[in-house]
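Peer 1: The structure file start19.txt (compact mmCIF, C-alpha atoms) is provided below.
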# COMPACT_ATOMS: atom_id res chain seq x y z
CA MET N 1 6.47 -107.51 -91.40
CA LYS N 2 3.46 -109.10 -93.08
CA PHE N 3 2.41 -112.73 -92.68
CA ASP N 4 3.23 -113.80 -96.26
CA GLU N 5 6.79 -112.48 -95.91
CA ILE N 6 7.23 -114.18 -92.52
CA LYS N 7 5.90 -117.54 -93.73
CA ALA N 8 8.98 -118.34 -95.83
CA SER N 9 11.43 -117.79 -92.95
CA PHE N 10 9.32 -118.78 -89.93
CA TRP N 11 10.89 -122.17 -89.17
CA SER N 12 14.29 -122.79 -87.53
CA GLY N 13 15.27 -125.69 -89.78
CA HIS N 14 15.67 -128.16 -86.89
CA SER N 15 13.86 -131.47 -87.36
CA TYR N 16 12.62 -132.02 -83.78
CA GLY N 17 8.84 -131.79 -83.58
CA VAL N 18 8.36 -131.88 -87.35
CA HIS N 19 5.53 -134.15 -88.48
CA PRO N 20 5.09 -135.60 -91.99
CA ALA N 21 3.93 -133.15 -94.66
CA LEU N 22 0.42 -131.82 -94.18
CA THR N 23 -2.30 -133.12 -96.51
CA GLN N 24 -5.92 -132.04 -96.91
CA ALA N 25 -6.94 -135.40 -95.43
CA THR N 26 -4.73 -134.78 -92.37
CA VAL N 27 -6.33 -131.34 -91.90
CA ALA N 28 -9.87 -132.71 -92.34
CA ASP N 29 -9.19 -135.54 -89.87
CA ALA N 30 -7.68 -133.12 -87.34
CA GLU N 31 -10.59 -130.67 -87.57
CA GLU N 32 -13.04 -133.55 -87.13
CA ALA N 33 -11.11 -134.95 -84.14
CA LEU N 34 -10.83 -131.51 -82.51
CA GLY N 35 -14.39 -130.54 -83.42
CA LEU N 36 -13.47 -127.16 -84.87
CA ARG N 37 -12.05 -125.28 -87.84
CA LEU N 38 -8.35 -124.40 -87.72
CA PRO N 39 -7.33 -120.91 -88.90
CA GLU N 40 -6.14 -120.75 -92.51
CA SER N 41 -3.06 -118.76 -91.45
CA LEU N 42 -2.00 -121.62 -89.13
CA LEU N 43 -2.53 -124.16 -91.90
CA ASP N 44 -0.52 -121.96 -94.30
CA LEU N 45 2.50 -122.17 -91.94
CA LEU N 46 2.03 -125.90 -91.35
CA ARG N 47 1.98 -126.51 -95.11
CA VAL N 48 5.50 -125.03 -95.29
CA GLN N 49 6.64 -127.26 -92.41
CA ASN N 50 4.35 -129.34 -90.21
CA GLY N 51 5.49 -128.16 -86.78
CA GLY N 52 8.86 -127.72 -85.13
CA GLY N 53 11.16 -125.00 -83.93
CA VAL N 54 10.62 -121.34 -84.73
CA THR N 55 13.48 -119.17 -86.07
CA ALA N 56 15.35 -117.08 -83.47
CA ASP N 57 14.05 -113.99 -85.32
CA ARG N 58 10.50 -114.82 -84.10
CA ASP N 59 10.76 -116.79 -80.84
CA ALA N 60 9.05 -114.38 -78.40
CA PHE N 61 5.88 -112.33 -78.16
CA PRO N 62 5.72 -109.02 -76.25
CA THR N 63 3.16 -108.66 -73.44
CA HIS N 64 1.73 -105.55 -71.83
CA GLN N 65 1.65 -107.12 -68.40
CA PRO N 66 3.92 -109.51 -66.49
CA THR N 67 3.49 -113.29 -66.60
CA SER N 68 5.20 -116.02 -64.60
CA TRP N 69 7.66 -116.19 -67.50
CA SER N 70 8.75 -112.55 -67.73
CA GLU N 71 7.83 -108.92 -67.13
CA ASP N 72 7.33 -108.11 -70.81
CA HIS N 73 7.25 -111.17 -73.10
CA ILE N 74 6.48 -114.86 -73.46
CA PRO N 75 8.45 -117.55 -75.33
CA PHE N 76 7.27 -118.93 -78.66
CA THR N 77 10.13 -121.26 -79.54
CA GLU N 78 8.09 -123.95 -81.25
CA LEU N 79 4.77 -124.54 -82.94
CA MET N 80 3.09 -127.93 -82.77
CA GLY N 81 2.17 -129.56 -86.05
CA ILE N 82 -0.58 -132.05 -86.86
CA GLY N 83 0.34 -135.71 -86.65
CA THR N 84 0.74 -138.79 -84.50
CA GLY N 85 3.51 -141.07 -83.41
CA GLY N 86 6.97 -140.13 -82.24
CA HIS N 87 7.40 -136.64 -83.69
CA GLY N 88 6.79 -134.67 -80.50
CA LEU N 89 3.56 -133.08 -79.33
CA SER N 90 0.83 -132.38 -81.86
CA LEU N 91 -2.26 -130.19 -82.03
CA LEU N 92 -4.09 -133.54 -81.78
CA ASP N 93 -2.76 -133.93 -78.20
CA THR N 94 -4.88 -130.93 -77.13
CA PRO N 95 -7.84 -132.85 -75.62
CA TYR N 96 -5.50 -134.89 -73.40
CA LEU N 97 -3.38 -131.86 -72.43
CA VAL N 98 -6.44 -129.69 -71.68
CA GLU N 99 -7.72 -132.35 -69.29
CA GLU N 100 -4.29 -133.07 -67.79
CA TRP N 101 -3.53 -129.40 -67.05
CA GLY N 102 -7.07 -128.25 -66.21
CA LEU N 103 -7.33 -125.79 -69.09
CA PRO N 104 -10.55 -124.21 -70.39
CA SER N 105 -12.22 -125.50 -73.52
CA PRO N 106 -12.59 -125.18 -76.45
CA VAL N 107 -8.94 -124.35 -77.12
CA VAL N 108 -6.25 -125.81 -79.40
CA LEU N 109 -2.78 -125.73 -77.88
CA LEU N 110 -0.01 -124.41 -80.13
CA SER N 111 3.04 -124.34 -77.88
CA GLY N 112 3.99 -124.82 -74.25
CA ASP N 113 5.60 -127.02 -71.63
CA GLY N 114 2.91 -127.77 -69.05
CA HIS N 115 3.68 -124.80 -66.81
CA TYR N 116 2.31 -122.59 -69.57
CA TRP N 117 0.48 -123.06 -72.86
CA ILE N 118 -0.23 -120.78 -75.79
CA GLY N 119 -3.46 -121.71 -77.49
CA LEU N 120 -6.11 -120.83 -80.02
CA ASP N 121 -9.02 -119.74 -77.84
CA TYR N 122 -12.44 -120.57 -79.34
CA ARG N 123 -14.50 -119.65 -76.25
CA ALA N 124 -15.69 -116.28 -77.59
CA TYR N 125 -16.31 -117.21 -81.24
CA GLY N 126 -17.26 -120.88 -81.29
CA ALA N 127 -15.87 -123.84 -83.20
CA LEU N 128 -16.28 -122.26 -86.65
CA GLY N 129 -15.15 -118.74 -85.71
CA GLU N 130 -11.69 -117.19 -85.91
CA PRO N 131 -10.09 -117.91 -82.53
CA SER N 132 -8.03 -115.42 -80.56
CA VAL N 133 -4.69 -116.47 -79.03
CA THR N 134 -4.30 -116.74 -75.25
CA TRP N 135 -1.48 -117.45 -72.76
CA PHE N 136 -2.51 -119.98 -70.10
CA ASP N 137 -0.36 -120.12 -66.97
CA THR N 138 -1.12 -123.46 -65.34
CA ASP N 139 0.91 -122.72 -62.18
CA SER N 140 -1.06 -119.59 -61.28
CA GLY N 141 -4.26 -120.23 -63.25
CA ALA N 142 -3.82 -116.86 -64.97
CA GLU N 143 -4.79 -116.16 -68.58
CA LEU N 144 -3.53 -113.37 -70.79
CA PRO N 145 -5.05 -112.54 -74.19
CA LEU N 146 -2.16 -112.20 -76.67
CA ALA N 147 -3.57 -111.55 -80.13
CA ALA N 148 -6.93 -111.16 -81.88
CA ASP N 149 -6.06 -114.08 -84.17
CA PHE N 150 -3.19 -116.38 -85.18
CA ARG N 151 -2.03 -114.13 -88.04
CA ALA N 152 -1.69 -111.19 -85.62
CA LEU N 153 0.32 -113.39 -83.23
CA VAL N 154 2.75 -114.40 -85.98
CA GLU N 155 3.10 -110.81 -87.22
CA GLY N 156 3.84 -109.68 -83.64
CA LEU N 157 6.58 -112.22 -82.90
CA GLN N 158 10.03 -110.76 -82.14
CA PRO N 159 13.49 -112.10 -81.31
CA LEU N 160 13.84 -113.28 -77.73
CA SER N 161 17.25 -111.55 -77.70
CA ARG N 162 15.41 -108.20 -77.87
CA PHE N 163 14.14 -108.78 -74.33
CA GLU N 164 17.37 -109.97 -72.68
Could you show the structure in this file as structure tokens?
Peer 2:
Amino acid sequence: MKFDEIKASFWSGHSYGVHPALTQATVADAEEALGLRLPESLLDLLRVQNGGGVTADRDAFPTHQPTSWSEDHIPFTELMGIGTGGHGLSLLDTPYLVEEWGLPSPVVLLSGDGHYWIGLDYRAYGALGEPSVTWFDTDSGAELPLAADFRALVEGLQPLSRFE
């Protein structure tokens, strides 16, 4: 399924983790604070809903090698939005979380729980390039490249039930 078709039905409808509606000023402030350009495909999803739970039709991503999570997939049950104050974690929490969990930089964390993180990985392309998406396992220190870019990640998401 293509990204534009997925966009309309990506979110679960739950309110936890949802930040106030995204504005151009919010995006500009976030990019300045993070020191990099966010992918347009990510911003397209966050303009529909600014973070929160992902629909059960798209809450896992297949892997070609085992992780600490599973033999053949990783969870993608939520996507952080952009915001501050009481709405759950935000992309803006990345600098703190990267330091806290000893993660490489520059990355922008999209989802995770501390034991693992899924993030936009800017190391190969720089702050203005199109980042790839990487799995970071903080318990083992392992990394696993997931997708060439955010759009490819979203288009590759599958139901977690497929793996059970």
Peer 1: I'd like the neighbourhood of Lys7 in chain N as a list of chain:residue names, where a residue qualifies if any of its atoms comes within 9 Å (using only C-alpha atoms), though same-chain residues fewer than 5 positions away should be ignored.
Peer 2: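 Skipping anything fewer than 5 positions along the chain leaves N:Lys2, N:Asp44, N:Leu45, N:Val48, N:Val154.
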Peer 1: Here is a test: counting all atoms listed in the file, which residue of N:Asp29, N:Glu155, N:Asp4, N:Asp121 is nearest to Ser105 in chain N?
Peer 2: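 Once distances to Ser105 in chain N are computed over all atoms listed in the file, the minimum belongs to N:Asp121.
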Peer 1: Kindly provide, as a list of chain:residue names, the polymer residues lying within 9 Å of (-7.1, -113.0, -90.9), counting all atoms listed in the file and using the coordinates exactly as they appear in the file.
Peer 2: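 With a cut-off of 9 Å, the residues come to N:Pro39, N:Glu40, N:Ser41, N:Glu130, N:Asp149, N:Phe150, N:Arg151, N:Ala152.
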Peer 1: Could you check which of N:Phe136, N:Tyr125, N:Tyr116, N:Trp11 is closest to Ala148 in chain N, using only C-alpha atoms?
Peer 2: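 For Ala148 in chain N, the nearest of the candidates is N:Tyr125.
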Peer 1: Please provide as a VMD selection string all residues within 12 Å of Gly85 in chain N, with the sequence filter that same-chain residues fewer than 5 positions apart are discarded (counting only C-alpha atoms).
Peer 2: chain N and resid 17 to 20 90 92 to 93
Peer 1: Could you take the residues named above and write them with C-alpha atoms, as a PDB file, keeping the file's coordinate frame?
Peer 2:
ATOM      1  CA  GLY N  17       8.840-131.790 -83.580  1.00  0.00           C
ATOM      2  CA  VAL N  18       8.360-131.880 -87.350  1.00  0.00           C
ATOM      3  CA  HIS N  19       5.530-134.150 -88.480  1.00  0.00           C
ATOM      4  CA  PRO N  20       5.090-135.600 -91.990  1.00  0.00           C
ATOM      5  CA  SER N  90       0.830-132.380 -81.860  1.00  0.00           C
ATOM      6  CA  LEU N  92      -4.090-133.540 -81.780  1.00  0.00           C
ATOM      7  CA  ASP N  93      -2.760-133.930 -78.200  1.00  0.00           C
TER       8      ASP N  93
END
Peer 1: So how far away is CA of Trp117 in chain N from CA of Trp135 in chain N, in Å?
Peer 2: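 CA of Trp117 in chain N lies 5.9 Å from CA of Trp135 in chain N.
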Peer 1: Quick one: of N:His115, N:Arg37, N:Arg123, N:His14, who's nearest to Ala56 in chain N, counting all atoms listed in the file?
Peer 2: N:His14
Peer 1: Report the distance between CA of Ile74 in chain N and CA of Val133 in chain N in Å, rounded to one decimal place.
Peer 2: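 Taking CA of Ile74 in chain N and CA of Val133 in chain N, their separation equals 12.6 Å.
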Peer 1: So that I can see what lies close to Leu43 in chain N, please list as a PyMOL selection string the residues with an atom at most 12 Å from it, counting only C-alpha atoms and leaving out residues fewer than 3 positions away in the same chain.
Peer 2: chain N and resi 7+21-24+26-28+30-31+37-40+46-51+79-82+91+150-151
Peer 1: Got a sec: who's within 9 Å of range 61-63 of chain N, counting only C-alpha atoms, leaving out chain neighbours fewer than 3 positions off, as a list in words?
Peer 2: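 Listed by chain and then number, they are Arg58, Pro66, Thr67, Ser70, Glu71, Asp72, His73, Ile74, Pro75, Phe76, Leu144, Leu146, Leu153, Val154, Gly156, Leu157, Gln158, Pro159, Leu160 and Phe163 of chain N.
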Peer 1: One number please: CA of Thr55 in chain N to CA of Leu42 in chain N, in Å, one decimal.
Peer 2: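 About the pair CA of Thr55 in chain N and CA of Leu42 in chain N: they are 16.0 Å apart.
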Peer 1: N:Val54, N:Val107, N:Ala142, N:Leu97: which is nearest Ala127 in chain N, counting all atoms listed in the file?
Peer 2: N:Val107
Peer 1: Can you work out which one of N:Leu103, N:Pro145, N:Leu110, N:Leu89 has the shortest atom-to-atom distance to Ser132 in chain N, counting only C-alpha atoms?
Peer 2: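 Of N:Leu103, N:Pro145, N:Leu110, N:Leu89, the one nearest Ser132 in chain N is N:Pro145, counting only C-alpha atoms.
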Peer 1: Hey, can I get the axis-aligned box for range 125-138 of chain N? All listed atoms, 4 Å padding on each side, centre and edge lengths in Å to one decimal, as lines of an AutoDock Vina configuration file.
Peer 2:
center_x = -8.8
center_y = -119.6
center_z = -76.0
size_x = 24.9
size_y = 16.4
size_z = 29.3
Peer 1: Assuming the input is short of atoms at range 17-49 of chain N, produce N, CA and C atoms for that part as a PDB file, in the frame of the given file.
Peer 2:
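The result, written out as out15.pdb:
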ATOM      1  N   GLY N  17      10.222-132.263 -83.619  1.00  0.00           N
ATOM      2  CA  GLY N  17       8.840-131.790 -83.580  1.00  0.00           C
ATOM      3  C   GLY N  17       8.187-131.648 -84.939  1.00  0.00           C
ATOM      4  N   VAL N  18       8.914-131.997 -86.002  1.00  0.00           N
ATOM      5  CA  VAL N  18       8.360-131.880 -87.350  1.00  0.00           C
ATOM      6  C   VAL N  18       7.617-133.167 -87.700  1.00  0.00           C
ATOM      7  N   HIS N  19       6.366-133.024 -88.074  1.00  0.00           N
ATOM      8  CA  HIS N  19       5.530-134.150 -88.480  1.00  0.00           C
ATOM      9  C   HIS N  19       5.580-134.290 -90.002  1.00  0.00           C
ATOM     10  N   PRO N  20       5.131-135.436 -90.527  1.00  0.00           N
ATOM     11  CA  PRO N  20       5.090-135.600 -91.990  1.00  0.00           C
ATOM     12  C   PRO N  20       4.274-134.488 -92.649  1.00  0.00           C
ATOM     13  N   ALA N  21       4.559-134.242 -93.921  1.00  0.00           N
ATOM     14  CA  ALA N  21       3.930-133.150 -94.660  1.00  0.00           C
ATOM     15  C   ALA N  21       2.408-133.173 -94.506  1.00  0.00           C
ATOM     16  N   LEU N  22       1.859-131.987 -94.383  1.00  0.00           N
ATOM     17  CA  LEU N  22       0.420-131.820 -94.180  1.00  0.00           C
ATOM     18  C   LEU N  22      -0.334-132.105 -95.465  1.00  0.00           C
ATOM     19  N   THR N  23      -1.418-132.866 -95.369  1.00  0.00           N
ATOM     20  CA  THR N  23      -2.300-133.120 -96.510  1.00  0.00           C
ATOM     21  C   THR N  23      -3.691-132.605 -96.163  1.00  0.00           C
ATOM     22  N   GLN N  24      -4.534-132.453 -97.161  1.00  0.00           N
ATOM     23  CA  GLN N  24      -5.920-132.040 -96.910  1.00  0.00           C
ATOM     24  C   GLN N  24      -6.626-133.063 -96.032  1.00  0.00           C
ATOM     25  N   ALA N  25      -6.317-134.348 -96.240  1.00  0.00           N
ATOM     26  CA  ALA N  25      -6.940-135.400 -95.430  1.00  0.00           C
ATOM     27  C   ALA N  25      -6.509-135.263 -93.967  1.00  0.00           C
ATOM     28  N   THR N  26      -5.235-134.965 -93.737  1.00  0.00           N
ATOM     29  CA  THR N  26      -4.730-134.780 -92.370  1.00  0.00           C
ATOM     30  C   THR N  26      -5.470-133.619 -91.701  1.00  0.00           C
ATOM     31  N   VAL N  27      -5.634-132.511 -92.441  1.00  0.00           N
ATOM     32  CA  VAL N  27      -6.330-131.340 -91.900  1.00  0.00           C
ATOM     33  C   VAL N  27      -7.791-131.690 -91.595  1.00  0.00           C
ATOM     34  N   ALA N  28      -8.464-132.344 -92.532  1.00  0.00           N
ATOM     35  CA  ALA N  28      -9.870-132.710 -92.340  1.00  0.00           C
ATOM     36  C   ALA N  28     -10.025-133.636 -91.131  1.00  0.00           C
ATOM     37  N   ASP N  29      -9.137-134.614 -91.007  1.00  0.00           N
ATOM     38  CA  ASP N  29      -9.190-135.540 -89.870  1.00  0.00           C
ATOM     39  C   ASP N  29      -8.946-134.802 -88.557  1.00  0.00           C
ATOM     40  N   ALA N  30      -7.995-133.878 -88.554  1.00  0.00           N
ATOM     41  CA  ALA N  30      -7.680-133.120 -87.340  1.00  0.00           C
ATOM     42  C   ALA N  30      -8.858-132.242 -86.930  1.00  0.00           C
ATOM     43  N   GLU N  31      -9.454-131.545 -87.889  1.00  0.00           N
ATOM     44  CA  GLU N  31     -10.590-130.670 -87.570  1.00  0.00           C
ATOM     45  C   GLU N  31     -11.770-131.495 -87.051  1.00  0.00           C
ATOM     46  N   GLU N  32     -11.961-132.678 -87.610  1.00  0.00           N
ATOM     47  CA  GLU N  32     -13.040-133.550 -87.130  1.00  0.00           C
ATOM     48  C   GLU N  32     -12.732-134.025 -85.703  1.00  0.00           C
ATOM     49  N   ALA N  33     -11.501-134.456 -85.465  1.00  0.00           N
ATOM     50  CA  ALA N  33     -11.110-134.950 -84.140  1.00  0.00           C
ATOM     51  C   ALA N  33     -11.204-133.851 -83.080  1.00  0.00           C
ATOM     52  N   LEU N  34     -10.810-132.631 -83.453  1.00  0.00           N
ATOM     53  CA  LEU N  34     -10.830-131.510 -82.510  1.00  0.00           C
ATOM     54  C   LEU N  34     -12.204-130.855 -82.416  1.00  0.00           C
ATOM     55  N   GLY N  35     -13.041-131.088 -83.421  1.00  0.00           N
ATOM     56  CA  GLY N  35     -14.390-130.540 -83.420  1.00  0.00           C
ATOM     57  C   GLY N  35     -14.452-129.064 -83.730  1.00  0.00           C
ATOM     58  N   LEU N  36     -13.476-128.573 -84.501  1.00  0.00           N
ATOM     59  CA  LEU N  36     -13.470-127.160 -84.870  1.00  0.00           C
ATOM     60  C   LEU N  36     -12.636-126.904 -86.111  1.00  0.00           C
ATOM     61  N   ARG N  37     -12.767-125.683 -86.628  1.00  0.00           N
ATOM     62  CA  ARG N  37     -12.050-125.280 -87.840  1.00  0.00           C
ATOM     63  C   ARG N  37     -10.762-124.583 -87.433  1.00  0.00           C
ATOM     64  N   LEU N  38      -9.648-125.034 -87.999  1.00  0.00           N
ATOM     65  CA  LEU N  38      -8.350-124.400 -87.720  1.00  0.00           C
ATOM     66  C   LEU N  38      -8.173-123.172 -88.608  1.00  0.00           C
ATOM     67  N   PRO N  39      -7.524-122.128 -88.095  1.00  0.00           N
ATOM     68  CA  PRO N  39      -7.330-120.910 -88.900  1.00  0.00           C
ATOM     69  C   PRO N  39      -6.484-121.181 -90.147  1.00  0.00           C
ATOM     70  N   GLU N  40      -6.864-120.570 -91.242  1.00  0.00           N
ATOM     71  CA  GLU N  40      -6.140-120.750 -92.510  1.00  0.00           C
ATOM     72  C   GLU N  40      -4.686-120.294 -92.384  1.00  0.00           C
ATOM     73  N   SER N  41      -4.439-119.242 -91.612  1.00  0.00           N
ATOM     74  CA  SER N  41      -3.060-118.760 -91.450  1.00  0.00           C
ATOM     75  C   SER N  41      -2.185-119.813 -90.756  1.00  0.00           C
ATOM     76  N   LEU N  42      -2.735-120.529 -89.781  1.00  0.00           N
ATOM     77  CA  LEU N  42      -2.000-121.620 -89.130  1.00  0.00           C
ATOM     78  C   LEU N  42      -1.705-122.718 -90.139  1.00  0.00           C
ATOM     79  N   LEU N  43      -2.713-123.100 -90.898  1.00  0.00           N
ATOM     80  CA  LEU N  43      -2.530-124.160 -91.900  1.00  0.00           C
ATOM     81  C   LEU N  43      -1.518-123.743 -92.959  1.00  0.00           C
ATOM     82  N   ASP N  44      -1.504-122.452 -93.334  1.00  0.00           N
ATOM     83  CA  ASP N  44      -0.520-121.960 -94.300  1.00  0.00           C
ATOM     84  C   ASP N  44       0.908-122.207 -93.794  1.00  0.00           C
ATOM     85  N   LEU N  45       1.162-121.930 -92.510  1.00  0.00           N
ATOM     86  CA  LEU N  45       2.500-122.170 -91.940  1.00  0.00           C
ATOM     87  C   LEU N  45       2.800-123.663 -91.873  1.00  0.00           C
ATOM     88  N   LEU N  46       1.814-124.467 -91.485  1.00  0.00           N
ATOM     89  CA  LEU N  46       2.030-125.900 -91.350  1.00  0.00           C
ATOM     90  C   LEU N  46       2.184-126.595 -92.699  1.00  0.00           C
ATOM     91  N   ARG N  47       1.740-125.946 -93.775  1.00  0.00           N
ATOM     92  CA  ARG N  47       1.980-126.510 -95.110  1.00  0.00           C
ATOM     93  C   ARG N  47       3.428-126.289 -95.538  1.00  0.00           C
ATOM     94  N   VAL N  48       4.067-125.248 -95.021  1.00  0.00           N
ATOM     95  CA  VAL N  48       5.500-125.030 -95.290  1.00  0.00           C
ATOM     96  C   VAL N  48       6.317-126.064 -94.540  1.00  0.00           C
ATOM     97  N   GLN N  49       6.012-126.239 -93.249  1.00  0.00           N
ATOM     98  CA  GLN N  49       6.640-127.260 -92.410  1.00  0.00           C
ATOM     99  C   GLN N  49       5.624-127.616 -91.326  1.00  0.00           C
TER     100      GLN N  49
END
